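**Student:** So that you have it, the file is work-v5.tsv, and it contains TSV, C-alpha atoms:
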chain	number	residue	atom	x	y	z
A	1	MET	CA	0.00	0.00	0.00
A	2	LYS	CA	2.85	2.34	0.88
A	3	LYS	CA	4.52	1.57	-2.45
A	4	ILE	CA	1.31	2.40	-4.29
A	5	MET	CA	0.91	5.69	-2.41
A	6	ILE	CA	4.55	6.61	-3.07
A	7	ALA	CA	4.10	5.80	-6.76
A	8	VAL	CA	0.95	7.93	-6.97
A	9	LEU	CA	2.69	10.77	-5.14
A	10	THR	CA	5.67	10.54	-7.46
A	11	ILE	CA	3.44	10.64	-10.55
A	12	SER	CA	1.46	13.56	-9.11
A	13	MET	CA	4.67	15.49	-8.39
A	14	SER	CA	5.93	14.77	-11.89
A	15	ILE	CA	2.71	16.11	-13.40
A	16	LEU	CA	2.84	19.16	-11.15
A	17	LEU	CA	6.47	19.87	-11.96
A	18	GLY	CA	5.82	19.26	-15.63
A	19	GLY	CA	2.95	21.73	-15.48
A	20	CYS	CA	5.17	24.29	-13.80
A	21	GLN	CA	7.79	23.76	-16.45
A	22	MET	CA	5.15	24.23	-19.13
A	23	ILE	CA	3.96	27.47	-17.53
A	24	GLN	CA	7.54	28.70	-17.33
A	25	GLU	CA	8.11	27.93	-20.99
A	26	ASP	CA	4.89	29.72	-21.97
A	27	ASN	CA	6.01	32.78	-20.06
A	28	THR	CA	9.33	33.11	-21.84
A	29	ARG	CA	9.60	36.20	-23.98
A	30	PRO	CA	8.70	35.90	-27.68
A	31	LYS	CA	11.59	35.94	-30.12
A	32	TYR	CA	9.81	38.33	-32.46
A	33	ILE	CA	7.73	41.21	-31.08
A	34	PHE	CA	5.56	43.63	-33.05
A	35	LEU	CA	4.00	46.59	-31.20
A	36	MET	CA	1.64	48.33	-33.60
A	37	ILE	CA	0.38	51.77	-32.50
A	38	GLY	CA	-2.43	53.53	-34.33
A	39	ASP	CA	-1.94	57.12	-33.24
A	40	GLY	CA	-5.31	58.59	-32.23
A	41	MET	CA	-7.13	55.34	-33.11
A	42	GLY	CA	-10.11	54.72	-30.87
A	43	THR	CA	-12.63	51.91	-31.12
A	44	SER	CA	-15.00	54.18	-33.07
A	45	HIS	CA	-12.35	54.84	-35.73
A	46	ILE	CA	-12.24	51.10	-36.27
A	47	ASP	CA	-16.04	50.83	-36.24
A	48	VAL	CA	-16.37	53.53	-38.90
A	49	THR	CA	-13.68	51.91	-41.02
A	50	GLU	CA	-15.27	48.45	-40.79
A	51	SER	CA	-18.64	49.92	-41.72
A	52	TYR	CA	-17.02	51.40	-44.82
A	53	ILE	CA	-15.17	48.21	-45.86
A	54	SER	CA	-18.40	46.26	-45.33
A	55	TYR	CA	-20.10	48.64	-47.76
A	56	LYS	CA	-17.28	48.03	-50.25
A	57	ALA	CA	-17.98	44.30	-49.90
A	58	GLY	CA	-21.70	44.87	-50.53
A	59	LYS	CA	-22.77	44.45	-46.89
A	60	LEU	CA	-24.22	46.56	-44.10
A	61	GLY	CA	-21.62	45.16	-41.71
A	62	GLY	CA	-19.60	42.13	-40.79
A	63	GLU	CA	-16.35	42.80	-42.64
A	64	GLN	CA	-13.32	42.95	-40.36
A	65	LEU	CA	-9.88	44.46	-40.41
A	66	THR	CA	-6.94	42.15	-39.71
A	67	MET	CA	-6.51	43.53	-36.20
A	68	THR	CA	-10.08	42.86	-35.05
A	69	GLN	CA	-9.72	39.19	-36.01
A	70	PHE	CA	-7.03	38.64	-33.40
A	71	PRO	CA	-8.18	36.30	-30.61
A	72	TYR	CA	-7.49	38.54	-27.60
A	73	TYR	CA	-9.15	41.88	-26.98
A	74	GLY	CA	-8.72	44.42	-24.22
A	75	SER	CA	-8.96	48.12	-23.51
A	76	CYS	CA	-6.31	50.49	-22.27
A	77	THR	CA	-6.57	53.70	-20.22
A	78	THR	CA	-4.50	56.62	-21.48
A	79	PHE	CA	-4.50	59.51	-18.96
A	80	CYS	CA	-1.12	61.13	-18.23
A	81	GLU	CA	0.32	62.24	-14.90
A	82	ASN	CA	-1.08	65.76	-14.88
A	83	GLN	CA	-4.06	65.61	-17.27
A	84	THR	CA	-7.04	63.39	-17.97
A	85	ILE	CA	-6.57	63.85	-21.71
A	86	THR	CA	-3.04	62.98	-22.78
A	87	CYS	CA	-0.82	63.78	-25.75
A	88	SER	CA	1.26	61.45	-27.92
A	89	ALA	CA	4.47	62.33	-26.05
A	90	ALA	CA	3.18	61.45	-22.58
A	91	ALA	CA	1.19	58.47	-23.84
A	92	GLY	CA	4.09	57.20	-25.94
A	93	THR	CA	6.34	57.50	-22.89
A	94	ALA	CA	3.86	55.56	-20.76
A	95	ILE	CA	3.73	52.75	-23.32
A	96	ALA	CA	7.45	52.67	-24.06
A	97	CYS	CA	8.77	53.27	-20.54
A	98	GLY	CA	6.00	51.94	-18.30
A	99	GLN	CA	5.62	55.16	-16.33
A	100	LYS	CA	3.32	58.18	-16.46
A	101	THR	CA	4.77	61.60	-17.17
A	102	TYR	CA	3.63	65.17	-17.70
A	103	TYR	CA	1.98	66.31	-20.90
A	104	SER	CA	4.45	66.94	-23.77
A	105	ARG	CA	7.47	65.25	-22.15
A	106	LEU	CA	9.28	62.43	-23.89
A	107	GLY	CA	11.12	59.59	-22.22
A	108	CYS	CA	11.47	61.40	-18.90
A	109	ASP	CA	9.44	61.73	-15.72
A	110	LYS	CA	7.88	64.91	-14.32
A	111	ASP	CA	11.26	65.94	-12.88
A	112	TYR	CA	13.01	65.32	-16.23
A	113	ASN	CA	14.75	62.17	-15.04
A	114	ARG	CA	15.47	59.81	-17.93
A	115	LEU	CA	13.24	56.76	-18.29
A	116	GLU	CA	14.32	53.59	-20.10
A	117	SER	CA	12.10	52.45	-22.92
A	118	MET	CA	11.38	48.79	-23.57
A	119	ALA	CA	13.40	49.12	-26.79
A	120	TYR	CA	16.59	49.88	-24.85
A	121	TYR	CA	15.85	47.10	-22.40
A	122	LEU	CA	15.34	44.58	-25.19
A	123	LYS	CA	18.43	45.74	-27.08
A	124	GLU	CA	20.52	45.11	-23.98
A	125	ASP	CA	19.00	41.64	-23.95
A	126	GLY	CA	20.14	40.87	-27.49
A	127	TYR	CA	17.17	42.04	-29.57
A	128	LYS	CA	17.57	44.00	-32.78
A	129	ILE	CA	15.35	47.09	-32.81
A	130	GLY	CA	13.18	48.69	-35.47
A	131	ILE	CA	11.22	51.91	-34.88
A	132	LEU	CA	9.05	53.08	-37.78
A	133	SER	CA	6.15	55.38	-38.51
A	134	SER	CA	4.13	56.78	-41.38
A	135	VAL	CA	4.96	60.29	-40.09
A	136	PRO	CA	8.39	61.90	-39.38
A	137	ILE	CA	10.92	59.74	-37.54
A	138	ASN	CA	11.27	62.33	-34.76
A	139	HIS	CA	7.55	62.73	-34.13
A	140	ALA	CA	6.35	62.04	-30.59
A	141	THR	CA	5.35	58.37	-30.73
A	142	PRO	CA	8.44	56.92	-32.42
A	143	ALA	CA	10.65	59.30	-30.42
A	144	ALA	CA	9.27	57.95	-27.14
A	145	PHE	CA	11.09	54.69	-27.84
A	146	TYR	CA	14.58	56.14	-28.34
A	147	SER	CA	14.76	59.65	-26.84
A	148	SER	CA	14.58	61.36	-23.48
A	149	ILE	CA	13.90	65.07	-23.79
A	150	LYS	CA	12.02	67.84	-22.00
A	151	SER	CA	9.69	68.68	-24.87
A	152	ARG	CA	8.42	66.87	-27.94
A	153	SER	CA	8.79	70.13	-29.88
A	154	ASP	CA	12.58	69.83	-29.89
A	155	GLY	CA	12.74	67.85	-33.11
A	156	TYR	CA	16.44	68.39	-33.71
A	157	GLY	CA	17.31	67.40	-30.14
A	158	ILE	CA	15.36	64.19	-30.68
A	159	ILE	CA	17.31	63.45	-33.87
A	160	GLN	CA	20.58	63.88	-31.97
A	161	GLN	CA	19.64	60.96	-29.73
A	162	ILE	CA	19.22	58.42	-32.53
A	163	PRO	CA	22.96	57.60	-32.77
A	164	GLN	CA	23.08	57.05	-29.02
A	165	SER	CA	20.41	54.38	-29.33
A	166	GLY	CA	22.28	52.21	-31.79
A	167	PHE	CA	18.92	50.90	-33.02
A	168	GLU	CA	19.30	49.09	-36.31
A	169	PHE	CA	16.30	50.49	-38.19
A	170	ILE	CA	14.56	53.86	-37.87
A	171	GLY	CA	11.95	54.74	-40.50
A	172	GLY	CA	9.35	57.38	-41.25
A	173	SER	CA	7.99	59.80	-43.82
A	174	GLY	CA	10.87	62.23	-43.26
A	175	ILE	CA	12.58	64.41	-40.66
A	176	GLN	CA	10.92	67.22	-38.76
A	177	ASP	CA	12.98	70.30	-37.74
A	178	LEU	CA	15.64	69.57	-40.36
A	179	TYR	CA	18.04	72.39	-39.44
A	180	GLY	CA	17.08	73.00	-35.82
A	181	LYS	CA	14.90	75.82	-34.52
A	182	ASP	CA	17.40	78.52	-35.51
A	183	GLY	CA	17.88	77.03	-38.97
A	184	LYS	CA	21.66	76.93	-38.54
A	185	MET	CA	22.34	73.40	-37.33
A	186	LEU	CA	24.00	70.73	-39.43
A	187	LYS	CA	21.29	69.21	-41.60
A	188	ALA	CA	19.74	66.33	-39.67
A	189	ASP	CA	20.40	63.63	-42.28
A	190	LYS	CA	24.06	64.70	-42.46
A	191	TYR	CA	24.25	64.69	-38.67
A	192	LEU	CA	23.06	61.07	-38.64
A	193	GLU	CA	25.38	60.00	-41.43
A	194	GLU	CA	28.43	61.46	-39.67
A	195	ARG	CA	27.54	59.31	-36.65
A	196	GLY	CA	27.22	55.93	-38.28
A	197	TYR	CA	23.76	55.83	-39.85
A	198	GLN	CA	23.02	55.35	-43.52
A	199	VAL	CA	20.13	57.63	-44.46
A	200	CYS	CA	18.09	56.27	-47.38
A	201	PHE	CA	15.18	57.75	-49.30
A	202	GLY	CA	12.75	55.20	-50.67
A	203	GLU	CA	12.93	51.49	-51.35
A	204	GLU	CA	15.40	51.73	-54.22
A	205	GLU	CA	18.05	53.49	-52.12
A	206	PHE	CA	17.40	51.09	-49.26
A	207	ASN	CA	17.96	48.04	-51.45
A	208	ALA	CA	21.16	49.53	-52.82
A	209	THR	CA	22.76	50.18	-49.43
A	210	ALA	CA	21.09	48.16	-46.66
A	211	ASP	CA	23.24	45.04	-47.05
A	212	THR	CA	26.41	47.00	-46.31
A	213	CYS	CA	25.07	49.04	-43.36
A	214	LYS	CA	24.25	47.93	-39.85
A	215	ASN	CA	22.18	50.99	-38.90
A	216	ILE	CA	19.65	52.46	-41.31
A	217	VAL	CA	17.41	55.54	-41.27
A	218	LEU	CA	14.81	55.16	-44.00
A	219	CYS	CA	12.73	58.13	-45.12
A	220	GLN	CA	9.82	57.50	-47.46
A	221	TYR	CA	10.52	60.33	-49.86
A	222	LYS	CA	12.10	63.71	-50.50
A	223	ASN	CA	10.34	66.97	-51.21
A	224	ARG	CA	10.53	68.45	-54.70
A	225	ASP	CA	13.57	70.51	-53.69
A	226	GLY	CA	15.46	67.31	-52.89
A	227	GLU	CA	15.34	67.82	-49.12
A	228	PRO	CA	13.90	65.22	-46.75
A	229	SER	CA	10.22	65.62	-46.02
A	230	THR	CA	9.67	67.58	-42.83
A	231	TYR	CA	6.17	67.88	-41.40
A	232	THR	CA	4.12	66.02	-43.96
A	233	SER	CA	2.79	62.51	-44.21
A	234	VAL	CA	2.80	60.35	-47.31
A	235	ASP	CA	0.83	61.76	-50.26
A	236	ASP	CA	-1.88	59.17	-50.77
A	237	ASP	CA	-2.31	60.24	-54.40
A	238	ASP	CA	1.31	59.60	-55.34
A	239	PRO	CA	1.90	55.92	-56.19
A	240	THR	CA	5.67	56.38	-55.94
A	241	ASP	CA	5.47	56.94	-52.19
A	242	MET	CA	6.31	53.97	-50.01
A	243	SER	CA	3.52	52.55	-47.85
A	244	LEU	CA	3.86	51.73	-44.16
A	245	ALA	CA	3.34	48.06	-45.05
A	246	THR	CA	6.29	48.19	-47.44
A	247	MET	CA	8.43	49.92	-44.85
A	248	LEU	CA	7.61	47.19	-42.33
A	249	LYS	CA	8.64	44.52	-44.85
A	250	LEU	CA	11.96	46.32	-45.31
A	251	ALA	CA	12.45	46.57	-41.54
A	252	ILE	CA	11.90	42.82	-41.16
A	253	LYS	CA	14.31	42.18	-44.04
A	254	HIS	CA	16.98	44.39	-42.46
A	255	LEU	CA	16.65	42.97	-38.97
A	256	GLY	CA	16.53	39.39	-40.20
A	257	GLU	CA	15.17	36.30	-38.49
A	258	ASP	CA	18.34	34.81	-37.02
A	259	GLU	CA	18.29	37.00	-33.93
A	260	PRO	CA	15.30	38.20	-31.89
A	261	PHE	CA	13.80	41.55	-32.82
A	262	PHE	CA	11.38	44.17	-31.53
A	263	ILE	CA	9.53	46.44	-33.94
A	264	MET	CA	7.34	49.40	-33.03
A	265	CYS	CA	5.28	50.42	-36.05
A	266	GLU	CA	3.05	53.51	-35.92
A	267	GLY	CA	0.21	54.58	-38.18
A	268	GLY	CA	0.50	58.29	-37.51
A	269	GLU	CA	-1.94	59.87	-39.95
A	270	ILE	CA	-4.96	58.46	-38.12
A	271	ASP	CA	-4.34	61.12	-35.49
A	272	TRP	CA	-3.70	63.90	-38.02
A	273	TYR	CA	-6.94	63.29	-39.87
A	274	GLY	CA	-8.75	62.93	-36.56
A	275	HIS	CA	-7.58	66.42	-35.59
A	276	SER	CA	-8.99	67.85	-38.80
A	277	ASN	CA	-12.14	65.67	-38.62
A	278	MET	CA	-11.43	64.31	-42.11
A	279	THR	CA	-13.61	61.21	-42.29
A	280	MET	CA	-12.55	59.59	-45.56
A	281	PRO	CA	-8.78	60.20	-45.17
A	282	MET	CA	-9.05	58.88	-41.61
A	283	ILE	CA	-10.67	55.69	-42.90
A	284	GLN	CA	-7.93	55.26	-45.50
A	285	SER	CA	-5.25	55.80	-42.86
A	286	VAL	CA	-6.75	53.06	-40.67
A	287	ILE	CA	-6.84	50.74	-43.69
A	288	LYS	CA	-3.17	51.50	-44.49
A	289	PHE	CA	-2.22	50.87	-40.87
A	290	ASP	CA	-4.11	47.58	-40.98
A	291	GLU	CA	-2.21	46.62	-44.14
A	292	ALA	CA	0.99	46.93	-42.10
A	293	ILE	CA	-0.59	44.79	-39.38
A	294	ALA	CA	-1.32	42.20	-42.08
A	295	VAL	CA	2.42	42.11	-42.88
A	296	ALA	CA	3.17	41.35	-39.23
A	297	TYR	CA	0.42	38.74	-39.23
A	298	GLU	CA	1.89	36.98	-42.26
A	299	PHE	CA	5.21	36.83	-40.39
A	300	TYR	CA	3.41	35.48	-37.34
A	301	LYS	CA	1.91	32.64	-39.39
A	302	GLN	CA	5.42	31.55	-40.31
A	303	HIS	CA	6.58	31.69	-36.67
A	304	PRO	CA	3.41	31.22	-34.57
A	305	ASP	CA	5.18	29.89	-31.47
A	306	GLU	CA	7.78	32.64	-31.38
A	307	THR	CA	5.89	35.79	-32.37
A	308	LEU	CA	3.76	38.31	-30.46
A	309	ILE	CA	1.70	41.05	-32.12
A	310	VAL	CA	0.08	43.75	-29.98
A	311	VAL	CA	-2.06	46.46	-31.58
A	312	THR	CA	-3.16	49.50	-29.61
A	313	ALA	CA	-3.29	53.32	-29.67
A	314	ASP	CA	-1.70	56.07	-27.63
A	315	HIS	CA	-5.02	57.93	-27.28
A	316	GLU	CA	-8.22	58.67	-29.19
A	317	THR	CA	-8.53	61.74	-31.41
A	318	GLY	CA	-11.66	63.53	-32.58
A	319	GLY	CA	-14.43	61.59	-30.83
A	320	ILE	CA	-15.85	60.14	-34.05
A	321	SER	CA	-19.18	58.33	-34.19
A	322	ILE	CA	-21.31	56.50	-36.74
A	323	GLY	CA	-24.40	58.70	-36.73
A	324	GLN	CA	-25.04	62.21	-35.49
A	325	GLY	CA	-27.90	64.66	-35.12
A	326	GLU	CA	-31.24	64.59	-33.34
A	327	SER	CA	-33.57	62.87	-35.79
A	328	TRP	CA	-34.16	59.28	-36.84
A	329	SER	CA	-33.01	60.09	-40.39
A	330	ASN	CA	-29.52	60.76	-39.09
A	331	THR	CA	-29.13	57.07	-38.26
A	332	PHE	CA	-29.01	56.18	-41.96
A	333	ILE	CA	-25.50	56.01	-43.47
A	334	ASP	CA	-25.35	55.86	-47.26
A	335	TRP	CA	-21.69	55.10	-47.96
A	336	THR	CA	-22.23	55.31	-51.72
A	337	GLU	CA	-23.35	58.91	-51.33
A	338	VAL	CA	-20.62	59.65	-48.80
A	339	GLU	CA	-17.92	58.33	-51.11
A	340	GLU	CA	-19.28	60.18	-54.15
A	341	ASN	CA	-19.60	63.47	-52.27
A	342	TRP	CA	-16.08	63.16	-50.94
A	343	GLU	CA	-14.60	62.60	-54.39
A	344	LYS	CA	-16.50	65.58	-55.77
A	345	GLY	CA	-15.48	68.03	-53.07
A	346	LYS	CA	-12.36	66.73	-51.30
A	347	ASP	CA	-10.09	69.53	-52.56
A	348	ARG	CA	-12.46	72.07	-51.04
A	349	TYR	CA	-12.88	70.12	-47.78
A	350	PHE	CA	-9.11	70.07	-47.20
A	351	LYS	CA	-8.99	73.86	-47.49
A	352	ASP	CA	-12.29	74.83	-45.85
A	353	ALA	CA	-13.06	73.50	-42.36
A	354	LYS	CA	-16.66	74.70	-42.57
A	355	ALA	CA	-17.22	72.83	-45.84
A	356	ASN	CA	-15.69	69.68	-44.32
A	357	ARG	CA	-17.97	70.02	-41.30
A	358	GLU	CA	-20.98	70.24	-43.60
A	359	PHE	CA	-19.78	67.15	-45.44
A	360	ASN	CA	-19.62	65.20	-42.16
A	361	GLU	CA	-23.08	66.39	-41.16
A	362	ALA	CA	-24.54	65.36	-44.52
A	363	SER	CA	-22.76	62.00	-44.15
A	364	HIS	CA	-24.21	61.50	-40.64
A	365	ILE	CA	-20.71	61.05	-39.21
A	366	GLY	CA	-20.22	62.79	-35.89
A	367	TRP	CA	-17.05	64.38	-34.52
A	368	THR	CA	-17.02	65.88	-31.02
A	369	THR	CA	-13.66	67.66	-30.99
A	370	SER	CA	-10.66	68.60	-33.08
A	371	TYR	CA	-8.34	67.34	-30.37
A	372	HIS	CA	-7.73	64.25	-28.29
A	373	THR	CA	-10.26	62.64	-25.96
A	374	GLY	CA	-9.75	60.78	-22.70
A	375	GLY	CA	-11.46	57.52	-23.57
A	376	ALA	CA	-9.86	54.10	-23.31
A	377	VAL	CA	-8.38	52.67	-26.52
A	378	PRO	CA	-8.56	49.10	-27.84
A	379	VAL	CA	-5.87	46.43	-27.54
A	380	TYR	CA	-5.80	43.51	-29.98
A	381	SER	CA	-3.21	40.75	-29.65
A	382	ILE	CA	-2.18	37.40	-31.05
A	383	GLY	CA	0.71	35.01	-30.53
A	384	LYS	CA	3.00	34.06	-27.70
A	385	GLY	CA	1.87	35.80	-24.51
A	386	ALA	CA	-1.06	37.54	-26.19
A	387	GLU	CA	-3.43	36.51	-23.40
A	388	LYS	CA	-1.68	38.98	-21.06
A	389	PHE	CA	-3.26	41.87	-22.96
A	390	ALA	CA	-6.89	40.78	-22.62
A	391	GLY	CA	-9.20	42.75	-20.34
A	392	ARG	CA	-8.73	46.20	-18.84
A	393	ILE	CA	-5.17	47.49	-18.54
A	394	ASP	CA	-3.36	50.81	-18.26
A	395	ASN	CA	-0.85	51.96	-20.87
A	396	THR	CA	1.95	51.74	-18.29
A	397	GLU	CA	1.42	47.96	-18.11
A	398	ILE	CA	2.29	47.31	-21.75
A	399	LYS	CA	6.06	47.50	-21.26
A	400	GLY	CA	6.07	44.96	-18.44
A	401	LYS	CA	3.77	42.57	-20.26
A	402	ILE	CA	6.04	42.64	-23.32
A	403	ILE	CA	9.43	42.34	-21.63
A	404	GLY	CA	8.17	40.07	-18.86
A	405	LYS	CA	8.97	42.33	-15.92
Would you mind writing the file out in C-alpha cells?
**Tutor:**
Amino acid sequence: MKKIMIAVLTISMSILLGGCQMIQEDNTRPKYIFLMIGDGMGTSHIDVTESYISYKAGKLGGEQLTMTQFPYYGSCTTFCENQTITCSAAAGTAIACGQKTYYSRLGCDKDYNRLESMAYYLKEDGYKIGILSSVPINHATPAAFYSSIKSRSDGYGIIQQIPQSGFEFIGGSGIQDLYGKDGKMLKADKYLEERGYQVCFGEEEFNATADTCKNIVLCQYKNRDGEPSTYTSVDDDDPTDMSLATMLKLAIKHLGEDEPFFIMCEGGEIDWYGHSNMTMPMIQSVIKFDEAIAVAYEFYKQHPDETLIVVTADHETGGISIGQGESWSNTFIDWTEVEENWEKGKDRYFKDAKANREFNEASHIGWTTSYHTGGAVPVYSIGKGAEKFAGRIDNTEIKGKIIGK
C-alpha cells in the first residue's frame, strides 16, 4: 500500500512539476515582437472603417480588419500624470517606458529624469530594434522609444539621440525640424550619417545600401527641392510613395530572423486626420495601418510559437461616431453617397473646415472635438503571450507585459 501511495505521489509530483515547467516555458519572452500603435485610433475609428469596408464588400456590416480578427481583446486607459486627456508624447512614454509623465514630455518623468524604454531594455538583452512610422521619424510616438527630452517640440534634439540608441532600423515619412529651430544646425540627415547611420530615401536606395550598413534611417521620400520631407505625411495620391506596409517589410528584411527583434510600427496619420475631422482620409489611414498589421500577421503565421503582435493606440482623437444629429433620419449612413460626395469636393474640404464640417453632417458622421479625448483605446493581440493583454489594462502595463517584468 505504501509503495502504491509513493508511486501515486511521485506521478502527481511529476505532473505538477511538468505543469510548472510548461507554464515557465509559456512565459518566456517571444523571439519576435511587433508593437503596432495607431496614433489617435479609438474603437470608433475602427467601427467607422469596418462599416465602410463592409459597404465596399456589398454588406451593411460584418467585414473585419486584420486587427479585429485577433483572438485577444482588451482596452487600455491613457491619462497622463497631470491631465485626464493625454498627448502622444506622454502616452508614448507611458507605453514605451511603463511610467506616467507630464503632458508633452518624452522619455522622462515629471522631474526630467530619464526613463528607459522597452526598446533599450530589449536591445541590452540581445534584440535588434526597429522603430518606424508613417509620419516623421522624430515625431512624438516613435521618439518615445529612443529619446529622453524635456519637450516633444525639440525635433532636432530628438534626432541627436538616434545615434546614441544604436537601433538598427529607424523609419518614417521624413525628418521634422531639419536644421534646428534657428535654422543653422547641421542638416539632420548629415548629422546622422556622420555618426554611423546610412540615411536612405525610398525602397530603391534602401535596397542599394542596406546590405552593407548595420544601422539604417529610412525616409519614405524627398520633397521636390530634394530635401527630406519635414512635417508632412505620405501623399496618398502619389503611387511612388512607399507605404507603411512596405516599410515594415523592409524593416523585417533588415533585422533578419536569425536574432530576436522588436519592432514598433506607428500609423501616424490616423491622429492627423482625426484632428482635422477628415472622415474619408481617416478611414484610409486606418486601412493602411491595418495593411501593415497584415504584414506582421503573415510573419506570425510563419513563426506562430515565437511571435507576439500587440495592436493599440496612444489615445483617441476627434471623438468620431457613426451617426449624429437629433432625428431618426440621421441614423441612416449611405456610404455610396458619402464616397461620391467626398470625391467631388475633397479639394475644397481640405482647405475649408466649414465645408468639411458640412460634409460630415450630410454623411451623418459625428465628430465631437478637433483634439484628443480621454477615452480608453482598444488592444488587440495574437501570438506568444497575447493573453496577457486581454481585459482592462493601463498603458503603463504594456512595457512589463512585453518584456516580462
**Student:** Which is closest to A:Ile333 among A:Ser173, A:Ser51, A:Thr141, A:Thr307, if we use all atoms listed in the file?
**Tutor:** A:Ser51
**Student:** What box, with edges along x, y and z, holds each listed atom of stretch 148-158 of chain A when 4 Å is added on every side, and can you state its centre and edge lengths in Å to one decimal, as AutoDock Vina command-line options?
**Tutor:**
--center_x 12.9 --center_y 65.7 --center_z -27.9 --size_x 16.9 --size_y 16.8 --size_z 19.7
**Student:** Can you tell me which residues surround A:Gln161 at a distance of at most 8 Å, considering only C-alpha atoms, apart from same-chain residues fewer than 3 positions away, and format the answer as a VMD selection string?
**Tutor:** chain A and resid 146 to 147 157 to 158 164 to 165
**Student:** Skipping near chain neighbours, those fewer than 3 positions away, what residues fall within 7 Å of stretch 266-275 of chain A using all atoms listed in the file, listed as a PyMOL selection string?
**Tutor:** chain A and resi 36-41+132-135+233+278+281-282+285-286+289+317-318+370-371
**Student:** Quick one, how far is atom CA of A:Met264 from atom CA of A:Trp367?
**Tutor:**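 Rounded to one decimal, the two atoms are 28.7 Å apart.
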**Student:** Looking at all atoms listed in the file, which of A:Glu326, A:Asp182, A:Asp189, A:Asp177 is the one that sits closest to A:Gly366?
**Tutor:**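 Nearest candidate to A:Gly366 out of A:Glu326, A:Asp182, A:Asp189, A:Asp177: A:Glu326.
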**Student:** If you measure from atom CA of A:Thr331 to atom CA of A:Tyr52, what distance in Å do you get, rounded to one decimal?
**Tutor:**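 According to the coordinates, atom CA of A:Thr331 and atom CA of A:Tyr52 are separated by 14.9 Å.
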**Student:** Within 10 Å of (-31.0, 57.9, -43.7) in the file's own coordinates, which protein, DNA or RNA residues have an atom, counting all atoms listed in the file? List them as a ChimeraX atom specification.
**Tutor:** /A:323,327-334,362-364
**Student:** Can you tell me how far atom CA of A:Ala119 sits from atom CA of A:Ala208, in Å to one decimal?
**Tutor:**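 Between atom CA of A:Ala119 and atom CA of A:Ala208 the gap is 27.2 Å.
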**Student:** Quick one: of A:Ile53, A:Ala96, A:Ala386, A:Ala251, who's nearest to A:Gly400, counting only C-alpha atoms?
**Tutor:** A:Ala96
**Student:** Pick the closest to A:Cys219 from A:Cys76, A:Ile263, A:Ile170, A:Leu178: which is it, counting only C-alpha atoms?
**Tutor:** A:Ile170
**Student:** Residues near A:Glu257, anyone? I mean within 12 Å using all atoms listed in the file, not counting same-chain ones fewer than 5 positions away, as number ranges by chain.
**Tutor:** A: 31-33, 127-128, 251-252, 262, 299-300, 302-303, 306-307
**Student:** Could you dump the residues just selected with C-alpha atoms as a short mmCIF file (atom, residue, chain, number, x, y, z; two decimals), in the coordinates of the input?
**Tutor:**
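Saved file part10.cif follows:
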data_model
loop_
_atom_site.label_atom_id
_atom_site.label_comp_id
_atom_site.auth_asym_id
_atom_site.auth_seq_id
_atom_site.Cartn_x
_atom_site.Cartn_y
_atom_site.Cartn_z
CA LYS A 31 11.59 35.94 -30.12
CA TYR A 32 9.81 38.33 -32.46
CA ILE A 33 7.73 41.21 -31.08
CA TYR A 127 17.17 42.04 -29.57
CA LYS A 128 17.57 44.00 -32.78
CA ALA A 251 12.45 46.57 -41.54
CA ILE A 252 11.90 42.82 -41.16
CA PHE A 262 11.38 44.17 -31.53
CA PHE A 299 5.21 36.83 -40.39
CA TYR A 300 3.41 35.48 -37.34
CA GLN A 302 5.42 31.55 -40.31
CA HIS A 303 6.58 31.69 -36.67
CA GLU A 306 7.78 32.64 -31.38
CA THR A 307 5.89 35.79 -32.37
#
**Student:** Taking all atoms listed in the file into account, name the residue in A:Lys346, A:Arg152, A:Lys253, A:Lys288 that is nearest to A:Phe169.
**Tutor:** A:Lys253
**Student:** Kindly indicate which residue among A:Gly166, A:Val48, A:Tyr73, A:Glu205 lies nearest to A:Gly61, using all atoms listed in the file for the distances.
**Tutor:**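 The closest residue to A:Gly61 is A:Val48.
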**Student:** Give me the residues within 8 Å of A:Ser148 as an NGL selection string, counting only C-alpha atoms and dropping any in the same chain fewer than 5 places off.
**Tutor:** :A and (106-108 or 114-115 or 158)
**Student:** For A:Ile85, work out the shell of residues within 6 Å, counting only C-alpha atoms and skipping chain neighbours fewer than 2 positions away, then give it as a PyMOL selection string.
**Tutor:** chain A and resi 79+83+373-374
**Student:** What residues have an atom no more than 9 Å from (-1.4, 35.7, -30.5) in the file's own frame, counting all atoms listed in the file, and can you write them as a count of residues only?
**Tutor:** 18
**Student:** Could stretch 129-136 of chain A be completed with N, CA and C atoms and returned as a compact mmCIF listing (two decimals), in the coordinates of the input?
**Tutor:**
# COMPACT_ATOMS: atom_id res chain seq x y z
N ILE A 129 16.46 46.15 -33.02
CA ILE A 129 15.35 47.09 -32.81
C ILE A 129 15.00 47.83 -34.09
N GLY A 130 13.70 47.89 -34.38
CA GLY A 130 13.18 48.69 -35.47
C GLY A 130 12.09 49.63 -34.96
N ILE A 131 12.21 50.91 -35.26
CA ILE A 131 11.22 51.91 -34.88
C ILE A 131 10.77 52.60 -36.16
N LEU A 132 9.49 52.50 -36.52
CA LEU A 132 9.05 53.08 -37.78
C LEU A 132 7.66 53.68 -37.67
N SER A 133 7.40 54.64 -38.56
CA SER A 133 6.15 55.38 -38.51
C SER A 133 5.82 55.89 -39.91
N SER A 134 4.55 56.17 -40.11
CA SER A 134 4.13 56.78 -41.38
C SER A 134 4.28 58.29 -41.35
N VAL A 135 4.70 58.85 -40.22
CA VAL A 135 4.96 60.29 -40.09
C VAL A 135 6.44 60.48 -39.76
N PRO A 136 6.95 61.71 -39.57
CA PRO A 136 8.39 61.90 -39.38
C PRO A 136 8.99 61.05 -38.26
